[in-house]
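Engineer: I'd like to ask some things about the structure below.
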Amino acid sequence: MAERLIWDYVYAYDPVPQQTPEFNKLHKYYENLHLERLTTTKCTKCEKISWPPRSVCPECMSDEMSWVDLPEEGSIIVVTVQESGAFPGFQAPLIFAMLQFGDIRFIGKLIDVELSQLAPGKKVRLKVETQYDGRVLPAFTLTGN
Ligand SMILES: [Zn+2]
């Protein structure tokens, strides 16, 4: 029975977050993505820049945050491929990379690239992926693509 519940959950899970103010305190992140801007939060008290964006500063617990843009260009640290097990609505294989944008390092999805084009140090930029219902997710592509 428990196994059945897990599968029901997997198929009911929506991997694209709700992005409007009534459902998400960090809706500004998605509004900025719609404008092709990759942003995160900066604490106005201690100036710590967080990733992912946060509504409360993990350093000083202040909830006074502002939005800052990440650099337009980042670089690849390492690449991996997800060959199977993609969530419904996503087509495997999926290419992911550890990316560095300024001081911030995170895992991002790469789109419109061939695996043979990718290597550590290659430069990438934001390329917003719009879902069937208009919601957006951050994705990345090589600069020049
Ligand atoms: Zn702070």
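Starting from 1 in every chain, residues are counted up; chains themselves are A, B, ... following the order of the structure tokens, and ligands are numbered from 1 as listed.
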Which protein, DNA or RNA residues have an atom within 10 Å of ligand 1, counting only C-alpha atoms and all ligand atoms, as a short mmCIF file (atom, residue, chain, number, x, y, z; two decimals) with C-alpha atoms, in the first residue's frame?
Structural biologist:
data_model
loop_
_atom_site.label_atom_id
_atom_site.label_comp_id
_atom_site.auth_asym_id
_atom_site.auth_seq_id
_atom_site.Cartn_x
_atom_site.Cartn_y
_atom_site.Cartn_z
CA LYS A 42 20.22 40.20 -0.97
CA CYS A 43 19.72 40.98 2.70
CA THR A 44 19.37 44.72 3.23
CA LYS A 45 20.69 44.40 6.82
CA CYS A 46 23.87 42.27 6.47
CA GLU A 47 24.15 42.35 2.64
CA LYS A 48 24.43 38.56 2.32
CA ILE A 49 23.46 37.38 -1.15
CA SER A 50 21.64 34.03 -0.96
CA VAL A 56 14.46 35.30 5.34
CA CYS A 57 18.22 35.87 5.51
CA PRO A 58 19.99 32.68 6.69
CA GLU A 59 22.78 34.82 8.17
CA CYS A 60 20.92 37.35 10.35
CA MET A 61 17.27 36.19 10.11
CA SER A 62 16.12 39.55 8.72
CA ASP A 63 13.16 39.44 6.36
CA GLU A 64 14.15 42.67 4.64
CA MET A 65 15.43 41.43 1.32
#
Engineer: Give the strand (DSSP E) residues of chain A, as DSSP finds them on the backbone, and put them as JSON, numbers by chain.
Structural biologist: {"A": [39, 40, 41, 42, 43, 65, 66, 67, 68, 69, 73, 74, 75, 76, 77, 78, 79, 80, 81, 82, 94, 95, 96, 97, 98, 99, 100, 101, 104, 105, 106, 107, 108, 109, 110, 123, 124, 125, 126, 129, 130, 136, 137, 140, 141, 142]}
Engineer: Based on the selection just made, write N, CA and C atoms of those residues as a short mmCIF file (atom, residue, chain, number, x, y, z; two decimals), in the first residue's frame.
Structural biologist:
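Dumped to part35.cif:
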data_model
loop_
_atom_site.label_atom_id
_atom_site.label_comp_id
_atom_site.auth_asym_id
_atom_site.auth_seq_id
_atom_site.Cartn_x
_atom_site.Cartn_y
_atom_site.Cartn_z
N THR A 39 17.80 36.47 -11.10
CA THR A 39 17.97 37.28 -9.89
C THR A 39 17.95 36.41 -8.64
N THR A 40 18.41 37.01 -7.57
CA THR A 40 18.31 36.36 -6.27
C THR A 40 18.14 37.44 -5.20
N THR A 41 18.08 37.01 -3.95
CA THR A 41 17.84 37.97 -2.88
C THR A 41 19.13 38.39 -2.20
N LYS A 42 19.12 39.64 -1.75
CA LYS A 42 20.22 40.20 -0.97
C LYS A 42 19.63 40.80 0.29
N CYS A 43 20.20 40.46 1.43
CA CYS A 43 19.72 40.98 2.70
C CYS A 43 20.07 42.46 2.80
N MET A 65 14.60 41.89 2.42
CA MET A 65 15.43 41.43 1.32
C MET A 65 15.19 42.31 0.09
N SER A 66 16.22 42.48 -0.71
CA SER A 66 16.07 43.15 -2.00
C SER A 66 16.49 42.16 -3.09
N TRP A 67 16.20 42.50 -4.33
CA TRP A 67 16.52 41.62 -5.46
C TRP A 67 17.72 42.14 -6.20
N VAL A 68 18.65 41.26 -6.53
CA VAL A 68 19.84 41.63 -7.29
C VAL A 68 19.98 40.69 -8.48
N ASP A 69 20.56 41.22 -9.56
CA ASP A 69 20.80 40.41 -10.75
C ASP A 69 22.10 39.63 -10.60
N GLU A 73 26.69 36.34 -17.60
CA GLU A 73 27.44 35.19 -18.11
C GLU A 73 27.99 34.37 -16.95
N GLY A 74 27.84 33.04 -17.06
CA GLY A 74 28.40 32.13 -16.08
C GLY A 74 29.27 31.12 -16.78
N SER A 75 29.81 30.18 -16.02
CA SER A 75 30.63 29.15 -16.67
C SER A 75 30.30 27.77 -16.12
N ILE A 76 30.61 26.78 -16.95
CA ILE A 76 30.36 25.38 -16.60
C ILE A 76 31.50 24.87 -15.74
N ILE A 77 31.15 24.20 -14.65
CA ILE A 77 32.16 23.54 -13.82
C ILE A 77 32.22 22.06 -14.20
N VAL A 78 31.05 21.41 -14.25
CA VAL A 78 30.99 20.00 -14.63
C VAL A 78 29.59 19.71 -15.18
N VAL A 79 29.51 18.72 -16.06
CA VAL A 79 28.26 18.39 -16.75
C VAL A 79 27.85 16.96 -16.44
N THR A 80 26.53 16.72 -16.37
CA THR A 80 26.03 15.36 -16.24
C THR A 80 24.76 15.23 -17.08
N VAL A 81 24.40 13.98 -17.39
CA VAL A 81 23.22 13.72 -18.21
C VAL A 81 22.27 12.81 -17.44
N GLN A 82 21.00 13.19 -17.41
CA GLN A 82 19.97 12.32 -16.85
C GLN A 82 19.36 11.55 -18.01
N LEU A 94 18.20 14.62 -20.25
CA LEU A 94 18.31 16.01 -19.81
C LEU A 94 19.77 16.28 -19.44
N ILE A 95 20.25 17.43 -19.83
CA ILE A 95 21.64 17.79 -19.52
C ILE A 95 21.63 18.81 -18.37
N PHE A 96 22.39 18.49 -17.34
CA PHE A 96 22.53 19.41 -16.20
C PHE A 96 24.01 19.74 -16.02
N ALA A 97 24.27 20.91 -15.45
CA ALA A 97 25.66 21.29 -15.18
C ALA A 97 25.74 22.03 -13.85
N MET A 98 26.86 21.86 -13.17
CA MET A 98 27.19 22.74 -12.06
C MET A 98 27.69 24.01 -12.70
N LEU A 99 27.06 25.12 -12.36
CA LEU A 99 27.37 26.40 -12.99
C LEU A 99 27.88 27.40 -11.96
N GLN A 100 28.70 28.31 -12.42
CA GLN A 100 29.22 29.38 -11.56
C GLN A 100 28.81 30.71 -12.18
N PHE A 101 28.01 31.47 -11.44
CA PHE A 101 27.63 32.82 -11.86
C PHE A 101 28.11 33.77 -10.76
N ILE A 104 28.14 32.73 -7.02
CA ILE A 104 27.08 31.75 -6.78
C ILE A 104 27.25 30.54 -7.68
N ARG A 105 27.13 29.37 -7.06
CA ARG A 105 27.31 28.10 -7.76
C ARG A 105 26.04 27.29 -7.56
N PHE A 106 25.52 26.73 -8.65
CA PHE A 106 24.28 25.94 -8.55
C PHE A 106 24.19 25.00 -9.74
N ILE A 107 23.25 24.06 -9.64
CA ILE A 107 23.01 23.12 -10.73
C ILE A 107 21.91 23.69 -11.62
N GLY A 108 22.17 23.75 -12.91
CA GLY A 108 21.20 24.27 -13.86
C GLY A 108 21.02 23.32 -15.02
N LYS A 109 19.87 23.44 -15.64
CA LYS A 109 19.56 22.61 -16.82
C LYS A 109 20.07 23.33 -18.06
N LEU A 110 20.73 22.58 -18.94
CA LEU A 110 21.22 23.16 -20.20
C LEU A 110 20.28 22.75 -21.32
N LYS A 123 31.35 29.14 -21.45
CA LYS A 123 30.48 30.21 -20.94
C LYS A 123 29.01 29.94 -21.28
N VAL A 124 28.15 30.23 -20.32
CA VAL A 124 26.71 30.03 -20.50
C VAL A 124 25.94 31.28 -20.10
N ARG A 125 24.72 31.34 -20.61
CA ARG A 125 23.82 32.44 -20.24
C ARG A 125 22.44 31.87 -19.98
N LEU A 126 21.61 32.67 -19.32
CA LEU A 126 20.24 32.28 -19.03
C LEU A 126 19.45 32.11 -20.33
N GLU A 129 12.97 28.88 -19.98
CA GLU A 129 12.14 27.83 -20.58
C GLU A 129 10.70 28.06 -20.15
N THR A 130 9.83 28.30 -21.11
CA THR A 130 8.42 28.55 -20.81
C THR A 130 7.64 27.24 -20.92
N VAL A 136 7.44 29.67 -15.97
CA VAL A 136 8.80 29.67 -16.49
C VAL A 136 9.76 28.96 -15.54
N LEU A 137 10.80 28.39 -16.14
CA LEU A 137 11.89 27.78 -15.37
C LEU A 137 13.20 28.31 -15.92
N PHE A 140 19.73 27.14 -19.19
CA PHE A 140 20.94 27.83 -19.64
C PHE A 140 21.38 27.25 -20.97
N THR A 141 22.07 28.09 -21.75
CA THR A 141 22.64 27.64 -23.01
C THR A 141 24.00 28.28 -23.17
N LEU A 142 24.78 27.78 -24.13
CA LEU A 142 26.09 28.37 -24.36
C LEU A 142 25.93 29.80 -24.86
#
Engineer: Using Å and a single decimal, report how far atom CA of Trp51 of chain A sits from atom CA of His27 of chain A.
Structural biologist: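 It comes out at 14.9 Å.
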Engineer: With only C-alpha atoms as the atoms that count, which of A:Ala119, A:Leu26, A:Val16, A:Ile111 lies nearest to Arg135 of chain A?
Structural biologist: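 Going through A:Ala119, A:Leu26, A:Val16, A:Ile111 one by one, the smallest distance to Arg135 of chain A is for A:Val16.
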Engineer: Quick one: of A:Gly89, A:Glu36, A:Lys28, A:Glu114, who's nearest to Ala139 of chain A, counting only C-alpha atoms?
Structural biologist: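 Selected residue with least distance to Ala139 of chain A: A:Glu36.
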Engineer: Mind pulling up the distance from atom CA of Val113 of chain A to atom CA of Asn145 of chain A?
Structural biologist: 8.1 Å
Engineer: Extract the full set of helix (DSSP H, G or I) residues from chain A according to DSSP on the backbone, and format it as a list in words.
Structural biologist: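 Secondary structure check on chain A, helix (DSSP H, G or I): Ala2, Glu3, Arg4, Leu5, Ile6, Trp7, Asp8, Tyr9, Val10, Tyr11, Ala12, His27, Lys28, Tyr29, Tyr30, Glu31, Asn32, Leu33, His34, Leu115, Ser116 and Gln117 of chain A.
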Engineer: Pull C-alpha atoms from the residues just selected and write them as a JSON list (two decimals), in the first residue's frame.
Structural biologist:
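Result went into part-v1.json, see below:
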[["chain", "number", "residue", "atom", "x", "y", "z"],
["A", 2, "ALA", "CA", 2.76, 2.44, 0.93],
["A", 3, "GLU", "CA", 4.50, 1.76, -2.37],
["A", 4, "ARG", "CA", 1.31, 2.61, -4.24],
["A", 5, "LEU", "CA", 1.03, 5.95, -2.39],
["A", 6, "ILE", "CA", 4.59, 6.85, -3.41],
["A", 7, "TRP", "CA", 3.80, 6.29, -7.10],
["A", 8, "ASP", "CA", 0.59, 8.29, -6.84],
["A", 9, "TYR", "CA", 2.64, 11.09, -5.36],
["A", 10, "VAL", "CA", 5.27, 10.93, -8.09],
["A", 11, "TYR", "CA", 2.68, 11.22, -10.84],
["A", 12, "ALA", "CA", 0.76, 13.96, -9.08],
["A", 27, "HIS", "CA", 7.11, 35.30, -7.00],
["A", 28, "LYS", "CA", 9.40, 38.21, -7.95],
["A", 29, "TYR", "CA", 12.04, 35.63, -8.95],
["A", 30, "TYR", "CA", 9.66, 34.28, -11.61],
["A", 31, "GLU", "CA", 8.51, 37.75, -12.66],
["A", 32, "ASN", "CA", 12.18, 38.57, -13.27],
["A", 33, "LEU", "CA", 12.65, 35.32, -15.21],
["A", 34, "HIS", "CA", 9.79, 36.41, -17.48],
["A", 115, "LEU", "CA", 26.84, 17.26, -25.18],
["A", 116, "SER", "CA", 29.95, 17.33, -27.40],
["A", 117, "GLN", "CA", 29.94, 21.17, -27.23]]
Engineer: Report, in Å with one decimal, the straight-line distance from atom CA of Ser55 of chain A to atom CA of Lys25 of chain A.
Structural biologist: 7.0 Å
